[in-house]
$ cat my_file-v9.csv   # CSV, C-alpha atoms
chain,number,residue,atom,x,y,z
A,918,MET,CA,0.0,0.0,0.0
A,919,ALA,CA,2.9,2.4,0.8
A,920,ALA,CA,4.4,1.8,-2.6
A,921,ALA,CA,1.1,2.3,-4.4
A,922,LEU,CA,0.4,5.6,-2.6
A,923,LEU,CA,3.9,7.0,-2.8
A,924,LYS,CA,3.3,8.9,-6.0
A,925,ASP,CA,0.4,10.8,-4.2
A,926,LYS,CA,2.7,11.6,-1.3
A,927,ILE,CA,0.5,9.6,1.1
A,928,ARG,CA,2.6,7.8,3.8
A,929,VAL,CA,1.5,4.4,5.0
A,930,ASN,CA,2.9,2.9,8.2
A,931,TRP,CA,1.7,0.5,10.8
A,932,VAL,CA,2.0,0.2,14.5
A,933,ILE,CA,2.4,-3.1,16.4
A,934,VAL,CA,1.4,-3.0,20.0
A,935,GLY,CA,1.8,-5.5,22.8
A,936,TRP,CA,-0.4,-6.0,25.8
A,937,MET,CA,-1.5,-2.6,27.1
A,938,ALA,CA,-2.1,-1.9,30.7
A,939,THR,CA,-5.4,0.1,30.3
A,940,PRO,CA,-8.0,0.7,33.0
A,941,GLN,CA,-10.3,-1.8,31.2
A,942,GLU,CA,-7.5,-4.4,31.3
A,943,VAL,CA,-7.1,-3.9,35.0
A,944,ALA,CA,-10.9,-4.3,35.5
A,945,LEU,CA,-10.9,-7.5,33.4
A,946,ARG,CA,-8.0,-8.9,35.3
A,947,ASP,CA,-9.7,-8.0,38.6
A,948,ARG,CA,-12.7,-10.1,37.4
A,949,THR,CA,-10.7,-13.0,36.1
A,950,HIS,CA,-7.7,-13.3,38.4
A,951,GLY,CA,-8.4,-10.9,41.3
A,952,GLY,CA,-5.9,-8.1,42.1
A,953,GLY,CA,-5.7,-6.7,38.5
A,954,GLU,CA,-3.1,-4.1,39.3
A,955,ALA,CA,-0.9,-6.7,41.0
A,956,TYR,CA,-1.4,-9.2,38.2
A,957,LEU,CA,-0.4,-6.7,35.6
A,958,GLN,CA,2.6,-5.5,37.6
A,959,GLU,CA,3.8,-9.1,38.0
A,960,THR,CA,3.3,-10.0,34.4
A,961,GLY,CA,4.8,-6.7,33.2
A,962,GLU,CA,8.0,-7.3,35.2
A,963,LYS,CA,8.5,-10.5,33.1
A,964,ARG,CA,8.4,-8.6,29.8
A,965,PRO,CA,11.7,-7.6,28.1
A,966,LEU,CA,11.6,-3.9,29.2
A,967,GLY,CA,9.9,-4.7,32.5
A,968,ARG,CA,6.4,-3.3,32.1
A,969,HIS,CA,3.4,-3.4,29.8
A,970,GLU,CA,2.8,-0.7,27.2
A,971,THR,CA,0.5,2.2,28.1
A,972,PRO,CA,-1.9,4.0,25.9
A,973,GLU,CA,0.5,7.0,26.2
A,974,ASP,CA,3.4,4.8,24.8
A,975,ILE,CA,1.3,4.0,21.7
A,976,ALA,CA,0.1,7.6,21.3
A,977,ALA,CA,3.7,8.9,21.3
A,978,GLY,CA,4.6,6.6,18.5
A,979,VAL,CA,1.5,7.5,16.4
A,980,LEU,CA,2.1,11.2,17.1
A,981,TYR,CA,5.7,10.8,15.8
A,982,LEU,CA,4.4,9.2,12.6
A,983,ALA,CA,1.8,11.9,12.1
A,984,SER,CA,4.3,14.8,12.9
A,985,ASP,CA,6.7,16.7,10.7
A,986,GLU,CA,9.5,14.7,12.3
A,987,GLY,CA,8.1,11.6,10.8
A,988,SER,CA,7.3,13.2,7.4
A,989,HIS,CA,9.9,11.1,5.6
A,990,VAL,CA,8.8,7.7,7.1
A,991,THR,CA,6.7,5.5,5.0
A,992,GLY,CA,6.3,1.7,4.5
A,993,CYS,CA,7.5,1.1,8.0
A,994,GLU,CA,6.5,-1.0,11.0
A,995,LEU,CA,6.7,0.8,14.3
A,996,ASN,CA,7.0,-1.9,17.0
A,997,ILE,CA,5.8,-0.5,20.3
A,998,SER,CA,5.8,-3.7,22.3
A,999,GLY,CA,8.6,-3.1,24.7
A,1000,GLY,CA,10.7,-5.7,23.0
A,1001,LEU,CA,8.0,-8.4,23.1
A,1002,PHE,CA,8.1,-9.1,19.4
A,1003,ILE,CA,11.9,-9.1,18.7
$ encode --input "my_file-v9.csv" --output "structure tokens"
Amino acid sequence: MAAALLKDKIRVNWVIVGWMATPQEVALRDRTHGGGEAYLQETGEKRPLGRHETPEDIAAGVLYLASDEGSHVTGCELNISGGLFI
């Protein structure tokens, strides 16, 4: 898709995310495991960078791709998984 839209100066990138620690995820873990915050803390510590992604982590990457600083980036995968998918 990036190659097809290049002539129109339309950039195409994609973002890969891991398991995000959102309020909804905490609530789900509370219902299924009890102690959602503790569960996410424990599982996050086992991840390569020691924590789960946050919505803010993902937003920062997307903001970069949409910004002037990312204006020369196209056809790329931005892996915001804290090293989970390397």
$ residues_near_point --input "my_file-v9.csv" --point "(2.3, 9.4, 11.2)" --cutoff "12 Å" --atoms "all atoms listed in the file" --output "ChimeraX atom specification"
/A:927-932,975-995
$ closest_residue --input "my_file-v9.csv" --among "A:Ile933, A:Ala955, A:Val943, A:Ala938" --to "Ile997 of chain A" --atoms "all atoms listed in the file"
A:Ile933
$ closest_residue --input "my_file-v9.csv" --among "A:Ala919, A:Arg946, A:Ile1003, A:Met937" --to "Gly961 of chain A" --atoms "only C-alpha atoms"
A:Met937
$ closest_residue --input "my_file-v9.csv" --among "A:Ala944, A:Gly1000, A:Thr939, A:Gly951" --to "Gly967 of chain A" --atoms "all atoms listed in the file"
A:Gly1000
$ atom_distance --input "my_file-v9.csv" --atom1 "atom CA of Val934 of chain A" --atom2 "atom CA of Glu973 of chain A"
11.8 Å
$ atom_distance --input "my_file-v9.csv" --atom1 "atom CA of Met918 of chain A" --atom2 "atom CA of Glu970 of chain A"
27.4 Å
$ closest_residue --input "my_file-v9.csv" --among "A:Leu1001, A:Asp947, A:Lys926, A:Ala920" --to "Pro965 of chain A" --atoms "only C-alpha atoms"
A:Leu1001
$ closest_residue --input "my_file-v9.csv" --among "A:Trp936, A:Leu922, A:Leu966, A:Glu942" --to "Glu954 of chain A" --atoms "all atoms listed in the file"
A:Glu942
$ atom_distance --input "my_file-v9.csv" --atom1 "atom CA of Arg964 of chain A" --atom2 "atom CA of Asn996 of chain A"
14.5 Å
$ decode --input "my_file-v9.csv" --residues "segment 965-993 of chain A" --atoms "N, CA and C atoms" --output "PDB file, in the first residue's frame"
ATOM      1  N   PRO A 965      10.316  -7.986  28.338  1.00  0.00           N
ATOM      2  CA  PRO A 965      11.692  -7.553  28.067  1.00  0.00           C
ATOM      3  C   PRO A 965      12.082  -6.204  28.681  1.00  0.00           C
ATOM      4  N   LEU A 966      11.222  -5.200  28.622  1.00  0.00           N
ATOM      5  CA  LEU A 966      11.550  -3.900  29.208  1.00  0.00           C
ATOM      6  C   LEU A 966      10.941  -3.700  30.594  1.00  0.00           C
ATOM      7  N   GLY A 967      10.362  -4.749  31.149  1.00  0.00           N
ATOM      8  CA  GLY A 967       9.927  -4.726  32.538  1.00  0.00           C
ATOM      9  C   GLY A 967       8.569  -4.132  32.841  1.00  0.00           C
ATOM     10  N   ARG A 968       7.767  -3.851  31.821  1.00  0.00           N
ATOM     11  CA  ARG A 968       6.411  -3.348  32.061  1.00  0.00           C
ATOM     12  C   ARG A 968       5.575  -3.499  30.800  1.00  0.00           C
ATOM     13  N   HIS A 969       4.260  -3.398  30.979  1.00  0.00           N
ATOM     14  CA  HIS A 969       3.352  -3.417  29.835  1.00  0.00           C
ATOM     15  C   HIS A 969       3.339  -2.037  29.173  1.00  0.00           C
ATOM     16  N   GLU A 970       2.939  -2.004  27.916  1.00  0.00           N
ATOM     17  CA  GLU A 970       2.767  -0.734  27.238  1.00  0.00           C
ATOM     18  C   GLU A 970       1.594   0.013  27.857  1.00  0.00           C
ATOM     19  N   THR A 971       1.633   1.321  27.720  1.00  0.00           N
ATOM     20  CA  THR A 971       0.519   2.157  28.138  1.00  0.00           C
ATOM     21  C   THR A 971      -0.080   2.814  26.895  1.00  0.00           C
ATOM     22  N   PRO A 972      -1.303   3.283  26.994  1.00  0.00           N
ATOM     23  CA  PRO A 972      -1.869   4.018  25.853  1.00  0.00           C
ATOM     24  C   PRO A 972      -0.987   5.214  25.477  1.00  0.00           C
ATOM     25  N   GLU A 973      -0.338   5.819  26.457  1.00  0.00           N
ATOM     26  CA  GLU A 973       0.542   6.955  26.184  1.00  0.00           C
ATOM     27  C   GLU A 973       1.756   6.545  25.344  1.00  0.00           C
ATOM     28  N   ASP A 974       2.281   5.342  25.585  1.00  0.00           N
ATOM     29  CA  ASP A 974       3.387   4.837  24.769  1.00  0.00           C
ATOM     30  C   ASP A 974       2.975   4.744  23.305  1.00  0.00           C
ATOM     31  N   ILE A 975       1.806   4.207  23.070  1.00  0.00           N
ATOM     32  CA  ILE A 975       1.310   4.036  21.706  1.00  0.00           C
ATOM     33  C   ILE A 975       1.031   5.393  21.074  1.00  0.00           C
ATOM     34  N   ALA A 976       0.397   6.278  21.840  1.00  0.00           N
ATOM     35  CA  ALA A 976       0.080   7.619  21.332  1.00  0.00           C
ATOM     36  C   ALA A 976       1.346   8.359  20.920  1.00  0.00           C
ATOM     37  N   ALA A 977       2.420   8.228  21.674  1.00  0.00           N
ATOM     38  CA  ALA A 977       3.671   8.912  21.344  1.00  0.00           C
ATOM     39  C   ALA A 977       4.219   8.426  20.007  1.00  0.00           C
ATOM     40  N   GLY A 978       4.142   7.133  19.751  1.00  0.00           N
ATOM     41  CA  GLY A 978       4.610   6.599  18.473  1.00  0.00           C
ATOM     42  C   GLY A 978       3.757   7.059  17.313  1.00  0.00           C
ATOM     43  N   VAL A 979       2.451   7.051  17.493  1.00  0.00           N
ATOM     44  CA  VAL A 979       1.540   7.492  16.437  1.00  0.00           C
ATOM     45  C   VAL A 979       1.724   8.986  16.187  1.00  0.00           C
ATOM     46  N   LEU A 980       1.903   9.750  17.260  1.00  0.00           N
ATOM     47  CA  LEU A 980       2.137  11.188  17.110  1.00  0.00           C
ATOM     48  C   LEU A 980       3.405  11.447  16.291  1.00  0.00           C
ATOM     49  N   TYR A 981       4.449  10.683  16.562  1.00  0.00           N
ATOM     50  CA  TYR A 981       5.675  10.816  15.762  1.00  0.00           C
ATOM     51  C   TYR A 981       5.392  10.567  14.281  1.00  0.00           C
ATOM     52  N   LEU A 982       4.691   9.487  13.976  1.00  0.00           N
ATOM     53  CA  LEU A 982       4.415   9.171  12.575  1.00  0.00           C
ATOM     54  C   LEU A 982       3.583  10.250  11.893  1.00  0.00           C
ATOM     55  N   ALA A 983       2.713  10.907  12.651  1.00  0.00           N
ATOM     56  CA  ALA A 983       1.848  11.945  12.090  1.00  0.00           C
ATOM     57  C   ALA A 983       2.507  13.322  12.077  1.00  0.00           C
ATOM     58  N   SER A 984       3.645  13.451  12.743  1.00  0.00           N
ATOM     59  CA  SER A 984       4.295  14.762  12.896  1.00  0.00           C
ATOM     60  C   SER A 984       5.217  15.094  11.733  1.00  0.00           C
ATOM     61  N   ASP A 985       5.698  16.329  11.725  1.00  0.00           N
ATOM     62  CA  ASP A 985       6.689  16.740  10.736  1.00  0.00           C
ATOM     63  C   ASP A 985       7.967  15.925  10.877  1.00  0.00           C
ATOM     64  N   GLU A 986       8.316  15.537  12.098  1.00  0.00           N
ATOM     65  CA  GLU A 986       9.524  14.742  12.319  1.00  0.00           C
ATOM     66  C   GLU A 986       9.441  13.386  11.622  1.00  0.00           C
ATOM     67  N   GLY A 987       8.244  12.854  11.452  1.00  0.00           N
ATOM     68  CA  GLY A 987       8.058  11.576  10.782  1.00  0.00           C
ATOM     69  C   GLY A 987       7.659  11.722   9.320  1.00  0.00           C
ATOM     70  N   SER A 988       7.838  12.910   8.777  1.00  0.00           N
ATOM     71  CA  SER A 988       7.336  13.187   7.426  1.00  0.00           C
ATOM     72  C   SER A 988       8.069  12.420   6.316  1.00  0.00           C
ATOM     73  N   HIS A 989       9.187  11.824   6.632  1.00  0.00           N
ATOM     74  CA  HIS A 989       9.939  11.076   5.616  1.00  0.00           C
ATOM     75  C   HIS A 989       9.912   9.572   5.904  1.00  0.00           C
ATOM     76  N   VAL A 990       8.943   9.158   6.718  1.00  0.00           N
ATOM     77  CA  VAL A 990       8.816   7.750   7.094  1.00  0.00           C
ATOM     78  C   VAL A 990       7.587   7.176   6.393  1.00  0.00           C
ATOM     79  N   THR A 991       7.798   6.136   5.610  1.00  0.00           N
ATOM     80  CA  THR A 991       6.682   5.451   4.966  1.00  0.00           C
ATOM     81  C   THR A 991       7.058   3.997   4.724  1.00  0.00           C
ATOM     82  N   GLY A 992       6.053   3.157   4.719  1.00  0.00           N
ATOM     83  CA  GLY A 992       6.274   1.733   4.492  1.00  0.00           C
ATOM     84  C   GLY A 992       6.969   1.048   5.650  1.00  0.00           C
ATOM     85  N   CYS A 993       6.786   1.571   6.840  1.00  0.00           N
ATOM     86  CA  CYS A 993       7.518   1.058   8.004  1.00  0.00           C
ATOM     87  C   CYS A 993       6.592   0.514   9.086  1.00  0.00           C
TER      88      CYS A 993
END
